[in-house]
>>> print(open('work_19.csv').read())   # CSV, C-alpha atoms and all ligand atoms
chain,number,residue,atom,x,y,z
A,1,MET,CA,0.0,0.0,0.0
A,2,ASN,CA,3.0,2.3,0.6
A,3,ASN,CA,3.6,2.6,-3.1
A,4,ILE,CA,0.2,4.1,-3.8
A,5,LYS,CA,0.7,7.7,-5.1
A,6,ASN,CA,-1.9,10.4,-5.3
A,7,SER,CA,-3.1,11.4,-8.7
A,8,HIS,CA,-2.5,15.0,-9.9
A,9,ILE,CA,-3.5,17.3,-12.7
A,10,ALA,CA,-0.7,17.1,-15.3
A,11,GLY,CA,-2.4,19.2,-18.0
A,12,ILE,CA,-5.4,21.5,-18.5
A,13,GLY,CA,-7.1,23.3,-21.3
A,14,TYR,CA,-10.5,25.0,-21.9
A,15,TYR,CA,-12.7,26.3,-24.7
A,16,VAL,CA,-15.7,28.6,-24.9
A,17,PRO,CA,-17.6,29.4,-28.1
A,18,ASP,CA,-16.8,32.7,-29.8
A,19,ARG,CA,-20.4,34.0,-29.6
A,20,VAL,CA,-20.6,36.4,-26.7
A,21,ILE,CA,-24.0,36.9,-25.3
A,22,ASP,CA,-24.3,40.0,-23.1
A,23,ASN,CA,-27.2,40.6,-20.7
A,24,ASN,CA,-29.0,43.0,-23.0
A,25,TYR,CA,-29.6,40.0,-25.4
A,26,PHE,CA,-32.2,38.7,-23.0
A,27,THR,CA,-34.2,41.9,-22.9
A,28,LYS,CA,-35.3,41.2,-26.4
A,29,TYR,CA,-37.2,38.1,-25.2
A,30,MET,CA,-38.2,38.7,-21.6
A,31,ASP,CA,-38.7,41.2,-18.9
A,32,THR,CA,-35.2,41.5,-17.4
A,33,SER,CA,-32.4,44.0,-17.3
A,34,ASP,CA,-28.6,44.0,-17.4
A,35,GLN,CA,-28.7,45.5,-13.9
A,36,TRP,CA,-30.9,42.8,-12.5
A,37,ILE,CA,-28.8,40.0,-13.9
A,38,ARG,CA,-25.5,41.6,-12.7
A,39,GLU,CA,-26.9,42.2,-9.2
A,40,ARG,CA,-28.6,38.9,-8.7
A,41,THR,CA,-26.1,36.6,-10.4
A,42,GLY,CA,-22.8,38.4,-11.0
A,43,ILE,CA,-23.0,37.5,-14.7
A,44,HIS,CA,-22.1,40.2,-17.3
A,45,GLU,CA,-21.8,38.0,-20.3
A,46,ARG,CA,-21.6,34.3,-21.3
A,47,ARG,CA,-20.9,32.2,-24.4
A,48,PHE,CA,-23.5,30.3,-26.5
A,49,ILE,CA,-22.8,28.0,-29.4
A,50,SER,CA,-23.5,29.5,-32.9
A,51,ASN,CA,-25.0,26.4,-34.6
A,52,ASP,CA,-24.9,22.6,-34.4
A,53,GLU,CA,-22.0,22.2,-32.0
A,54,GLY,CA,-22.3,19.6,-29.3
A,55,PRO,CA,-20.3,19.1,-26.2
A,56,SER,CA,-18.0,16.6,-28.0
A,57,ASP,CA,-17.2,19.5,-30.5
A,58,LEU,CA,-16.5,22.1,-27.8
A,59,ALA,CA,-14.2,19.5,-26.1
A,60,ILE,CA,-11.8,19.1,-28.9
A,61,PRO,CA,-9.9,22.5,-28.6
A,62,ALA,CA,-9.8,22.0,-24.8
A,63,ILE,CA,-8.4,18.5,-25.1
A,64,LYS,CA,-5.7,19.8,-27.6
A,65,MET,CA,-4.7,22.5,-25.1
A,66,ALA,CA,-4.6,20.1,-22.2
A,67,LEU,CA,-2.4,17.7,-24.2
A,68,GLU,CA,0.0,20.5,-25.0
A,69,SER,CA,0.1,21.7,-21.4
A,70,ALA,CA,0.9,18.1,-20.3
A,71,SER,CA,3.5,17.8,-23.1
A,72,MET,CA,1.7,14.6,-24.2
A,73,SER,CA,0.5,13.3,-27.5
A,74,LYS,CA,-3.0,11.8,-28.0
A,75,ASP,CA,-1.5,8.3,-28.0
A,76,ASP,CA,-0.4,8.8,-24.4
A,77,ILE,CA,-4.0,8.9,-23.2
A,78,ASP,CA,-5.3,5.6,-22.0
A,79,PHE,CA,-8.8,6.4,-20.7
A,80,ILE,CA,-11.5,9.0,-21.3
A,81,ILE,CA,-14.0,10.2,-18.7
A,82,PHE,CA,-16.6,12.6,-20.3
A,83,SER,CA,-18.7,14.6,-17.9
A,84,THR,CA,-21.8,16.3,-19.4
A,85,SER,CA,-25.3,16.9,-18.4
A,86,THR,CA,-26.1,17.8,-22.0
A,87,PRO,CA,-24.9,14.9,-24.1
A,88,ASP,CA,-24.7,15.2,-27.9
A,89,TYR,CA,-27.0,12.2,-28.1
A,90,TYR,CA,-28.9,9.8,-25.7
A,91,ILE,CA,-26.9,7.0,-27.4
A,92,PRO,CA,-23.9,6.7,-27.6
A,93,GLY,CA,-22.1,8.7,-25.0
A,94,SER,CA,-20.1,11.8,-25.9
A,95,GLY,CA,-16.8,10.1,-24.8
A,96,CYS,CA,-17.1,7.7,-27.8
A,97,LEU,CA,-17.6,10.7,-30.1
A,98,VAL,CA,-14.4,12.3,-28.7
A,99,GLN,CA,-12.5,9.1,-29.1
A,100,GLU,CA,-13.3,9.3,-32.8
A,101,LYS,CA,-12.9,13.1,-33.3
A,102,MET,CA,-9.5,13.0,-31.6
A,103,LYS,CA,-8.5,9.7,-33.3
A,104,PHE,CA,-7.5,8.3,-29.9
A,105,LYS,CA,-6.5,4.7,-29.7
A,106,ASN,CA,-9.5,2.4,-29.0
A,107,ILE,CA,-9.4,3.3,-25.3
A,108,GLY,CA,-12.3,3.1,-22.9
A,109,ALA,CA,-14.7,6.1,-22.8
A,110,LEU,CA,-16.9,6.6,-19.8
A,111,ASP,CA,-19.7,9.2,-19.8
A,112,ILE,CA,-20.8,10.5,-16.4
A,113,ARG,CA,-23.8,12.6,-15.7
A,114,CYS,CA,-23.3,14.4,-12.4
A,115,GLN,CA,-24.4,17.8,-13.5
A,116,CYS,CA,-22.6,20.8,-11.9
A,117,SER,CA,-20.7,18.3,-9.7
A,118,GLY,CA,-19.4,16.4,-12.7
A,119,PHE,CA,-15.8,17.6,-12.5
A,120,ILE,CA,-15.4,16.5,-8.9
A,121,TYR,CA,-17.0,13.1,-9.6
A,122,GLY,CA,-14.8,12.7,-12.7
A,123,LEU,CA,-11.7,13.5,-10.7
A,124,SER,CA,-12.6,11.0,-8.1
A,125,ILE,CA,-13.0,8.2,-10.7
A,126,ALA,CA,-9.8,9.1,-12.4
A,127,ASP,CA,-8.0,9.2,-9.0
A,128,GLN,CA,-9.2,5.6,-8.2
A,129,TYR,CA,-8.0,4.3,-11.6
A,130,ILE,CA,-4.6,6.0,-11.2
A,131,LYS,CA,-4.2,4.7,-7.6
A,132,ALA,CA,-5.2,1.2,-8.6
A,133,GLY,CA,-2.6,1.3,-11.4
A,134,THR,CA,-5.3,0.5,-14.0
A,135,TYR,CA,-4.5,3.6,-16.3
A,136,SER,CA,-1.7,6.1,-16.4
A,137,ASN,CA,-2.9,9.1,-18.2
A,138,ILE,CA,-6.6,9.8,-17.9
A,139,LEU,CA,-8.4,12.5,-19.8
A,140,VAL,CA,-11.3,14.1,-17.8
A,141,VAL,CA,-13.5,16.2,-20.2
A,142,THR,CA,-16.2,18.4,-18.9
A,143,SER,CA,-18.3,19.9,-21.7
A,144,GLU,CA,-21.7,21.5,-21.8
A,145,VAL,CA,-24.1,23.0,-24.2
A,146,GLN,CA,-26.9,24.4,-22.1
A,147,SER,CA,-28.0,27.2,-24.4
A,148,THR,CA,-30.2,24.8,-26.5
A,149,ALA,CA,-32.4,24.0,-23.4
A,150,MET,CA,-33.2,27.6,-22.5
A,151,ASP,CA,-36.7,28.9,-22.4
A,152,LEU,CA,-36.2,32.4,-23.8
A,153,SER,CA,-39.5,33.8,-22.4
A,154,ASN,CA,-40.5,35.2,-19.0
A,155,ASN,CA,-41.2,31.7,-17.8
A,156,GLY,CA,-37.5,30.8,-18.3
A,157,ARG,CA,-35.9,34.0,-17.2
A,158,ASP,CA,-34.4,32.6,-14.0
A,159,THR,CA,-32.5,29.8,-15.9
A,160,SER,CA,-31.7,31.3,-19.4
A,161,ILE,CA,-29.7,34.2,-17.9
A,162,ILE,CA,-27.6,31.9,-15.8
A,163,PHE,CA,-26.6,28.8,-17.8
A,164,ALA,CA,-24.1,28.8,-20.6
A,165,ASP,CA,-21.8,26.8,-22.9
A,166,GLY,CA,-18.2,25.8,-22.4
A,167,ALA,CA,-15.7,23.0,-22.1
A,168,ALA,CA,-12.5,22.1,-20.2
A,169,ALA,CA,-10.2,19.1,-20.3
A,170,THR,CA,-7.7,17.9,-17.7
A,171,ILE,CA,-5.2,15.1,-17.8
A,172,ILE,CA,-4.8,13.1,-14.6
A,173,THR,CA,-1.6,11.2,-13.9
A,174,SER,CA,0.3,9.9,-10.9
A,175,ALA,CA,1.9,12.5,-8.7
A,176,LYS,CA,5.6,12.3,-7.9
A,177,SER,CA,5.0,11.8,-4.2
A,178,ASP,CA,2.1,11.0,-1.9
A,179,ASN,CA,2.4,14.4,-0.2
A,180,GLU,CA,1.1,16.2,-3.3
A,181,GLY,CA,-1.7,16.0,-5.8
A,182,LEU,CA,-5.3,15.1,-5.2
A,183,LEU,CA,-5.6,14.4,-1.4
A,184,SER,CA,-9.2,13.3,-1.4
A,185,THR,CA,-12.6,13.7,-2.9
A,186,HIS,CA,-16.0,13.8,-1.2
A,187,LEU,CA,-19.2,13.0,-3.0
A,188,HIS,CA,-22.9,13.4,-2.1
A,189,SER,CA,-26.4,13.3,-3.6
A,190,GLU,CA,-30.0,13.8,-2.4
A,191,GLY,CA,-32.4,12.8,-5.1
A,192,LYS,CA,-35.5,13.9,-3.3
A,193,TYR,CA,-34.7,17.3,-4.8
A,194,ALA,CA,-34.3,16.0,-8.4
A,195,LYS,CA,-37.2,18.1,-9.7
A,196,GLU,CA,-35.8,21.4,-8.3
A,197,LEU,CA,-33.4,21.6,-11.2
A,198,TRP,CA,-34.1,19.3,-14.1
A,199,VAL,CA,-35.0,18.7,-17.7
A,200,GLU,CA,-38.0,16.5,-17.7
A,201,ALA,CA,-38.1,15.4,-21.4
A,202,PRO,CA,-37.3,13.7,-23.7
A,203,SER,CA,-37.7,10.9,-21.2
A,204,SER,CA,-37.5,7.1,-21.7
A,205,LYS,CA,-40.6,6.9,-19.4
A,206,GLN,CA,-42.7,8.6,-22.0
A,207,ASN,CA,-43.8,6.9,-25.2
A,208,PRO,CA,-43.1,8.5,-27.6
A,209,ARG,CA,-40.2,10.1,-25.8
A,210,LEU,CA,-40.9,13.4,-27.5
A,211,ASP,CA,-44.1,14.8,-29.0
A,212,ASN,CA,-45.8,18.1,-29.6
A,213,LYS,CA,-47.4,18.1,-26.2
A,214,ILE,CA,-44.0,17.8,-24.5
A,215,LEU,CA,-42.7,20.7,-26.7
A,216,ASN,CA,-45.8,22.8,-26.0
A,217,ASP,CA,-45.5,22.2,-22.3
A,218,LYS,CA,-41.8,23.2,-22.6
A,219,LYS,CA,-40.7,20.0,-20.7
A,220,HIS,CA,-37.6,19.9,-22.8
A,221,PHE,CA,-36.3,23.1,-21.2
A,222,LEU,CA,-34.2,23.3,-18.1
A,223,HIS,CA,-36.4,24.2,-15.1
A,224,MET,CA,-35.2,25.4,-11.8
A,225,ASN,CA,-36.5,26.4,-8.4
A,226,GLY,CA,-33.9,29.0,-7.9
A,227,LYS,CA,-34.7,29.8,-4.2
A,228,GLU,CA,-34.5,26.1,-3.2
A,229,VAL,CA,-31.3,25.6,-5.1
A,230,PHE,CA,-29.8,28.6,-3.5
A,231,LYS,CA,-30.8,27.6,0.0
A,232,HIS,CA,-29.2,24.1,-0.3
A,233,ALA,CA,-26.1,25.4,-2.1
A,234,ILE,CA,-25.1,27.8,0.6
A,235,LYS,CA,-25.4,24.9,3.2
A,236,ARG,CA,-23.7,22.1,1.2
A,237,PHE,CA,-20.8,24.1,-0.2
A,238,PRO,CA,-19.2,24.9,3.2
A,239,GLU,CA,-20.2,21.5,4.7
A,240,VAL,CA,-18.5,19.5,2.0
A,241,ILE,CA,-15.4,21.7,2.0
A,242,ILE,CA,-15.1,21.3,5.8
A,243,GLU,CA,-15.6,17.5,5.3
A,244,GLY,CA,-12.6,17.5,2.9
A,245,LEU,CA,-10.4,19.6,5.2
A,246,VAL,CA,-11.2,17.5,8.3
A,247,HIS,CA,-10.4,14.3,6.3
A,248,ASN,CA,-6.9,15.6,5.6
A,249,ASN,CA,-6.3,17.0,9.1
A,250,LEU,CA,-6.6,20.6,7.7
A,251,THR,CA,-8.6,23.6,8.7
A,252,VAL,CA,-10.0,26.5,6.8
A,253,ASN,CA,-6.8,28.4,7.6
A,254,ASP,CA,-4.9,26.0,5.4
A,255,ILE,CA,-6.9,26.8,2.3
A,256,ASP,CA,-4.9,29.0,-0.1
A,257,ILE,CA,-7.4,29.0,-3.0
A,258,LEU,CA,-11.1,28.0,-3.1
A,259,ILE,CA,-12.5,27.3,-6.6
A,260,PRO,CA,-16.2,27.0,-6.2
A,261,HIS,CA,-18.5,25.9,-9.0
A,262,GLN,CA,-19.5,29.1,-10.7
A,263,ALA,CA,-23.3,29.0,-9.9
A,264,ASN,CA,-24.0,32.5,-8.8
A,265,ILE,CA,-21.7,35.2,-7.3
A,266,ARG,CA,-24.0,35.6,-4.3
A,267,ILE,CA,-23.6,31.9,-3.5
A,268,SER,CA,-19.8,32.1,-3.7
A,269,LYS,CA,-19.8,35.3,-1.5
A,270,MET,CA,-22.0,33.6,1.2
A,271,VAL,CA,-19.7,30.5,1.2
A,272,GLN,CA,-16.6,32.8,1.4
A,273,LYS,CA,-18.2,34.6,4.4
A,274,LYS,CA,-19.1,31.4,6.2
A,275,LEU,CA,-15.5,30.1,5.8
A,276,GLY,CA,-13.9,33.5,6.6
A,277,LEU,CA,-11.9,33.6,3.4
A,278,LYS,CA,-10.5,36.7,1.7
A,279,ASP,CA,-11.7,37.9,-1.7
A,280,GLU,CA,-8.4,37.0,-3.4
A,281,GLN,CA,-8.7,33.4,-2.1
A,282,VAL,CA,-12.0,32.7,-3.8
A,283,ILE,CA,-11.9,32.4,-7.6
A,284,SER,CA,-14.7,33.9,-9.6
A,285,ASN,CA,-15.1,34.2,-13.4
A,286,ILE,CA,-18.8,33.9,-13.6
A,287,HIS,CA,-19.0,37.5,-14.9
A,288,LYS,CA,-17.4,36.3,-18.2
A,289,TYR,CA,-18.8,32.8,-18.7
A,290,GLY,CA,-22.0,32.4,-16.6
A,291,ASN,CA,-22.7,28.9,-15.2
A,292,THR,CA,-21.1,26.3,-17.5
A,293,THR,CA,-22.2,23.4,-15.3
A,294,SER,CA,-19.5,20.8,-14.9
A,295,ALA,CA,-17.0,22.8,-17.0
A,296,SER,CA,-17.0,25.8,-14.6
A,297,ILE,CA,-14.4,24.6,-12.0
A,298,PRO,CA,-11.7,23.5,-14.5
A,299,ILE,CA,-12.2,26.6,-16.6
A,300,ALA,CA,-11.7,28.7,-13.5
A,301,LEU,CA,-8.7,26.5,-12.5
A,302,TYR,CA,-7.1,27.0,-15.9
A,303,GLU,CA,-7.4,30.8,-15.5
A,304,THR,CA,-6.1,30.7,-11.9
A,305,ILE,CA,-3.0,28.8,-13.1
A,306,LYS,CA,-2.6,31.1,-16.0
A,307,ASN,CA,-2.8,34.2,-13.7
A,308,LYS,CA,0.0,32.6,-11.6
A,309,LYS,CA,-2.2,32.7,-8.5
A,310,ILE,CA,-1.3,29.1,-7.5
A,311,LYS,CA,2.1,28.3,-6.0
A,312,LYS,CA,3.7,24.8,-5.6
A,313,GLY,CA,2.5,23.4,-2.2
A,314,ASP,CA,-0.7,25.5,-2.1
A,315,ILE,CA,-3.8,23.8,-0.7
A,316,LEU,CA,-6.7,24.1,-3.2
A,317,ALA,CA,-10.3,23.4,-2.3
A,318,LEU,CA,-12.6,22.7,-5.2
A,319,ALA,CA,-16.3,22.4,-4.5
A,320,ALA,CA,-19.5,22.0,-6.5
A,321,PHE,CA,-23.2,21.8,-6.0
A,322,GLY,CA,-25.9,21.3,-8.5
A,323,SER,CA,-28.9,19.3,-10.0
A,324,GLY,CA,-29.6,16.0,-8.4
A,325,PHE,CA,-29.1,17.5,-5.9
A,326,SER,CA,-25.4,16.4,-6.0
A,327,TRP,CA,-22.4,18.0,-4.5
A,328,GLY,CA,-18.8,17.3,-3.7
A,329,SER,CA,-15.3,18.6,-2.9
A,330,ALA,CA,-11.8,17.9,-3.8
A,331,ILE,CA,-8.7,18.9,-1.7
A,332,ILE,CA,-5.6,19.3,-3.7
A,333,LYS,CA,-2.0,20.0,-2.7
A,334,TRP,CA,-0.5,21.7,-5.7
B,1,LIG,C1,-32.4,32.4,-10.0
B,1,LIG,C2,-32.0,33.5,-9.0
B,1,LIG,C3,-30.9,34.3,-9.6
B,1,LIG,C4,-33.2,34.3,-8.8
B,1,LIG,O1,-32.8,35.3,-7.9
B,1,LIG,P1,-33.6,35.6,-6.5
B,1,LIG,O2,-33.0,36.8,-5.9
B,1,LIG,O3,-33.7,34.3,-5.8
B,1,LIG,O4,-34.9,36.0,-7.1
B,1,LIG,P2,-36.4,35.4,-6.7
B,1,LIG,O5,-36.4,34.0,-7.1
B,1,LIG,O6,-36.6,35.8,-5.3
B,1,LIG,O7,-37.2,36.2,-7.7
B,1,LIG,C5,-37.5,37.6,-7.5
B,1,LIG,C6,-38.2,38.1,-8.6
B,1,LIG,O8,-37.4,38.2,-9.8
B,1,LIG,C7,-38.0,37.6,-10.9
B,1,LIG,N1,-36.9,37.2,-11.8
B,1,LIG,C8,-36.4,35.9,-12.0
B,1,LIG,N2,-35.6,36.0,-13.0
B,1,LIG,C9,-35.5,37.2,-13.4
B,1,LIG,C10,-34.8,37.9,-14.4
B,1,LIG,N3,-33.9,37.3,-15.2
B,1,LIG,N4,-35.0,39.2,-14.6
B,1,LIG,C11,-35.8,39.9,-13.8
B,1,LIG,N5,-36.5,39.3,-12.8
B,1,LIG,C12,-36.4,38.0,-12.7
B,1,LIG,C13,-38.8,36.5,-10.3
B,1,LIG,O9,-39.8,36.1,-11.2
B,1,LIG,C14,-39.4,37.1,-9.1
B,1,LIG,O10,-40.4,37.9,-9.4
B,1,LIG,P3,-41.7,38.0,-8.5
B,1,LIG,O11,-41.2,38.5,-7.2
B,1,LIG,O12,-42.6,38.9,-9.2
B,1,LIG,O13,-42.2,36.6,-8.4
B,1,LIG,C15,-31.5,32.8,-7.7
B,1,LIG,O14,-32.6,32.2,-7.1
B,1,LIG,C16,-30.4,31.9,-7.9
B,1,LIG,O15,-29.3,32.3,-8.3
B,1,LIG,N6,-30.6,30.7,-7.4
B,1,LIG,C17,-29.6,29.7,-7.5
B,1,LIG,C18,-29.4,29.3,-8.9
B,1,LIG,C19,-28.2,28.5,-9.2
B,1,LIG,O16,-27.2,28.8,-8.6
B,1,LIG,N7,-28.4,27.6,-10.0
B,1,LIG,C20,-27.3,26.8,-10.4
B,1,LIG,C21,-27.0,25.7,-9.5
B,1,LIG,S1,-25.9,24.7,-10.2
>>> encode(input="work_19.csv", output="structure tokens", more="lines below")
Ligand SMILES: CC(C)(COP(=O)(O)OP(=O)(O)OC[C@H]1O[C@@H](n2cnc3c(N)ncnc32)[C@H](O)[C@@H]1OP(=O)(O)O)[C@@H](O)C(=O)NCCC(=O)NCCS
Amino acid sequence: MNNIKNSHIAGIGYYVPDRVIDNNYFTKYMDTSDQWIRERTGIHERRFISNDEGPSDLAIPAIKMALESASMSKDDIDFIIFSTSTPDYYIPGSGCLVQEKMKFKNIGALDIRCQCSGFIYGLSIADQYIKAGTYSNILVVTSEVQSTAMDLSNNGRDTSIIFADGAAATIITSAKSDNEGLLSTHLHSEGKYAKELWVEAPSSKQNPRLDNKILNDKKHFLHMNGKEVFKHAIKRFPEVIIEGLVHNNLTVNDIDILIPHQANIRISKMVQKKLGLKDEQVISNIHKYGNTTSASIPIALYETIKNKKIKKGDILALAAFGSGFSWGSAIIKW
């Protein structure tokens, strides 16, 4: 057991579509305002796909960037974990599409659907494979196209202004020592709140899975009970971060950087306050990208690394909360 090394992030990349959607875009379709959106969410703009791009397409530039940053070639990758809550198709998974688009070897491709917590779940799976020695270089892709499930009317004004499109890719390998890298992950779910943030249809429970009634009832759009999500998020974020710290005999004072899932700036601020962290310790880029679901943490991580805000040996806390409800944290020694 002594030989088991932690996993770590050896490479990272991201991609967002070129099409910038500012808050004024929504005023054409619904009663809202730039000021309301900025004040209630912290979002100034976000990216939407232009046409016919799926999560497997957004993933490709991010994967290429991650390979370059890890100084690896595509043939070095021996497993794909693809996190998306908005898959290109029901069948097959987007991981298989990426295998073909990247011309990877015939490696395994595992799709996971853990919504906004997808990156933390993906990391935890990669970590176990690395620790077990099953695979050496695992690609964790997080890619989301939310803009095609937005109700651009007053009924959908709480969700359409928040969610957005984007992708990230990380390459997980074995750390050099067991005193660095991913120290632990902590995962949770509570399905009794499934309907508080969901897309009801197309559903395999309905026959046919999609018809005009479903479309007229707008069941194919993302629906959210914002207040309920908010209430649970501000409880679960601090709770699961503390759980991760305690597991590693650390305290809040040991956190150098917190990268929360970019759900809403007010959620991040409340978590920051509860934990007593300073502004510069809590990463936020929601003003530029909105909520990109499972891609949000690794996009923020990429930017934090690029801005040279992380030093070797720093303790990073990553934490997510989202639909399911599902939530989780990862504690990393950089
Ligand atoms: C959606 C959210 C921004 C709404 O903000 P809020 O302060 O809770 O607003 P409320 O839900 O109290 O709604 C206040 C009013 O604003 C309205 N409103 C909602 N969206 C609006 C918009 N885009 N523009 C203007 N008004 C809006 C509501 O309809 C409501 O009107 P009413 O009082 O006439 O019913 C907020 O609940 C939120 O961020 N929740 C968490 C969402 C989240 O993080 N989701 C992702 C989790 S992964």
>>> closest_atom_pairs(input="work_19.csv", of="chain A", to="ligand LIG 1 (chain B)", cutoff="9 Å", atoms="all atoms listed in the file", output="tab-separated table")
residue	atom	partner	partner_atom	distance
A:Phe26	CA	B:LIG1	N3	8.1
A:Thr27	CA	B:LIG1	N4	8.8
A:Met30	CA	B:LIG1	N4	7.7
A:Asp31	CA	B:LIG1	C11	6.0
A:Thr32	CA	B:LIG1	N4	3.6
A:Ser33	CA	B:LIG1	N4	6.1
A:Asp34	CA	B:LIG1	N4	8.5
A:Gln35	CA	B:LIG1	N4	8.9
A:Trp36	CA	B:LIG1	C11	5.8
A:Ile37	CA	B:LIG1	N3	5.9
A:Glu39	CA	B:LIG1	O2	8.8
A:Arg40	CA	B:LIG1	C3	5.2
A:Thr41	CA	B:LIG1	C3	5.4
A:Gln115	CA	B:LIG1	S1	7.8
A:Cys116	CA	B:LIG1	S1	5.4
A:Ser117	CA	B:LIG1	S1	8.3
A:Asn154	CA	B:LIG1	C9	7.8
A:Asn155	CA	B:LIG1	O9	8.1
A:Gly156	CA	B:LIG1	N2	7.7
A:Arg157	CA	B:LIG1	N3	4.3
A:Asp158	CA	B:LIG1	N2	3.7
A:Thr159	CA	B:LIG1	C1	6.4
A:Ser160	CA	B:LIG1	N3	7.6
A:Ile161	CA	B:LIG1	N3	5.9
A:Ile162	CA	B:LIG1	N7	7.3
A:Phe163	CA	B:LIG1	C20	7.7
A:Leu197	CA	B:LIG1	C21	7.8
A:Met224	CA	B:LIG1	N7	7.4
A:Asn225	CA	B:LIG1	O14	7.1
A:Gly226	CA	B:LIG1	O14	3.5
A:Lys227	CA	B:LIG1	O14	4.3
A:Glu228	CA	B:LIG1	N6	7.3
A:Val229	CA	B:LIG1	C17	5.0
A:Phe230	CA	B:LIG1	C17	4.2
A:Lys231	CA	B:LIG1	C17	7.9
A:Ala233	CA	B:LIG1	O16	7.4
A:His261	CA	B:LIG1	S1	7.6
A:Gln262	CA	B:LIG1	S1	7.8
A:Ala263	CA	B:LIG1	O16	4.1
A:Asn264	CA	B:LIG1	O16	4.9
A:Ile265	CA	B:LIG1	O15	8.2
A:Arg266	CA	B:LIG1	O15	7.4
A:Ile267	CA	B:LIG1	O16	7.0
A:Asn291	CA	B:LIG1	C20	7.0
A:Thr292	CA	B:LIG1	S1	8.9
A:Thr293	CA	B:LIG1	S1	6.4
A:Ser294	CA	B:LIG1	S1	8.8
A:Ala320	CA	B:LIG1	S1	7.9
A:Phe321	CA	B:LIG1	S1	5.8
A:Gly322	CA	B:LIG1	S1	3.8
A:Ser323	CA	B:LIG1	S1	6.2
A:Phe325	CA	B:LIG1	S1	9.0
>>> residues_around(input="work_19.csv", residues="His287 in chain A", least_positions_apart="3", cutoff="7 Å", atoms="only C-alpha atoms", output="list in words")
Gly42, Ile43, His44, Glu45 and Gly290 of chain A
>>> closest_residue(input="work_19.csv", among="A:Met270, A:Ala175, A:Ile255, A:Pro260", to="Ile310 in chain A", atoms="all atoms listed in the file")
A:Ile255
>>> closest_residue(input="work_19.csv", among="A:Leu67, A:Leu245, A:Leu139, A:Cys114", to="Gly95 in chain A", atoms="all atoms listed in the file")
A:Leu139
>>> atom_distance(input="work_19.csv", atom1="CA of Leu222 in chain A", atom2="CA of Val145 in chain A")
11.8 Å
>>> atom_distance(input="work_19.csv", atom1="CA of Ala319 in chain A", atom2="CA of Lys192 in chain A")
21.0 Å
>>> atom_distance(input="work_19.csv", atom1="CA of Ala295 in chain A", atom2="CA of Val252 in chain A")
25.1 Å
>>> closest_residue(input="work_19.csv", among="A:Gly122, A:Asp256, A:Lys218, A:Val271", to="Ile297 in chain A", atoms="all atoms listed in the file")
A:Gly122
>>> residues_around(input="work_19.csv", residues="Gly328 in chain A", least_positions_apart="3", cutoff="9 Å", atoms="only C-alpha atoms", output="PyMOL selection string")
chain A and resi 117+120-121+185-189+236-237+240-241+318-321
>>> write_last_selection(input="work_19.csv", atoms="C-alpha atoms", output="tab-separated table (two decimals), in the coordinates of the input")
chain	number	residue	atom	x	y	z
A	117	SER	CA	-20.70	18.30	-9.70
A	120	ILE	CA	-15.40	16.50	-8.90
A	121	TYR	CA	-17.00	13.10	-9.60
A	185	THR	CA	-12.60	13.70	-2.90
A	186	HIS	CA	-16.00	13.80	-1.20
A	187	LEU	CA	-19.20	13.00	-3.00
A	188	HIS	CA	-22.90	13.40	-2.10
A	189	SER	CA	-26.40	13.30	-3.60
A	236	ARG	CA	-23.70	22.10	1.20
A	237	PHE	CA	-20.80	24.10	-0.20
A	240	VAL	CA	-18.50	19.50	2.00
A	241	ILE	CA	-15.40	21.70	2.00
A	318	LEU	CA	-12.60	22.70	-5.20
A	319	ALA	CA	-16.30	22.40	-4.50
A	320	ALA	CA	-19.50	22.00	-6.50
A	321	PHE	CA	-23.20	21.80	-6.00
>>> build_atoms(input="work_19.csv", residues="range 62-70 of chain A", atoms="N, CA and C atoms", output="mmCIF file, in the frame of the given file")
data_model
loop_
_atom_site.group_PDB
_atom_site.id
_atom_site.type_symbol
_atom_site.label_atom_id
_atom_site.label_comp_id
_atom_site.auth_asym_id
_atom_site.auth_seq_id
_atom_site.Cartn_x
_atom_site.Cartn_y
_atom_site.Cartn_z
ATOM 1 N N ALA A 62 -10.264 22.138 -26.238
ATOM 2 C CA ALA A 62 -9.800 22.000 -24.800
ATOM 3 C C ALA A 62 -8.898 20.862 -24.626
ATOM 4 N N ILE A 63 -9.209 19.748 -25.278
ATOM 5 C CA ILE A 63 -8.400 18.500 -25.100
ATOM 6 C C ILE A 63 -6.983 18.815 -25.757
ATOM 7 N N LYS A 64 -6.979 19.463 -26.922
ATOM 8 C CA LYS A 64 -5.700 19.800 -27.600
ATOM 9 C C LYS A 64 -4.835 20.645 -26.688
ATOM 10 N N MET A 65 -5.466 21.623 -26.057
ATOM 11 C CA MET A 65 -4.700 22.500 -25.100
ATOM 12 C C MET A 65 -4.207 21.749 -23.930
ATOM 13 N N ALA A 66 -5.017 20.838 -23.411
ATOM 14 C CA ALA A 66 -4.600 20.100 -22.200
ATOM 15 C C ALA A 66 -3.425 19.145 -22.583
ATOM 16 N N LEU A 67 -3.482 18.529 -23.772
ATOM 17 C CA LEU A 67 -2.400 17.700 -24.200
ATOM 18 C C LEU A 67 -1.082 18.472 -24.301
ATOM 19 N N GLU A 68 -1.206 19.658 -24.877
ATOM 20 C CA GLU A 68 0.000 20.500 -25.000
ATOM 21 C C GLU A 68 0.528 20.898 -23.660
ATOM 22 N N SER A 69 -0.356 21.264 -22.760
ATOM 23 C CA SER A 69 0.100 21.700 -21.400
ATOM 24 C C SER A 69 0.740 20.556 -20.655
ATOM 25 N N ALA A 70 0.323 19.313 -20.948
ATOM 26 C CA ALA A 70 0.900 18.100 -20.300
ATOM 27 C C ALA A 70 2.125 17.614 -21.042
#
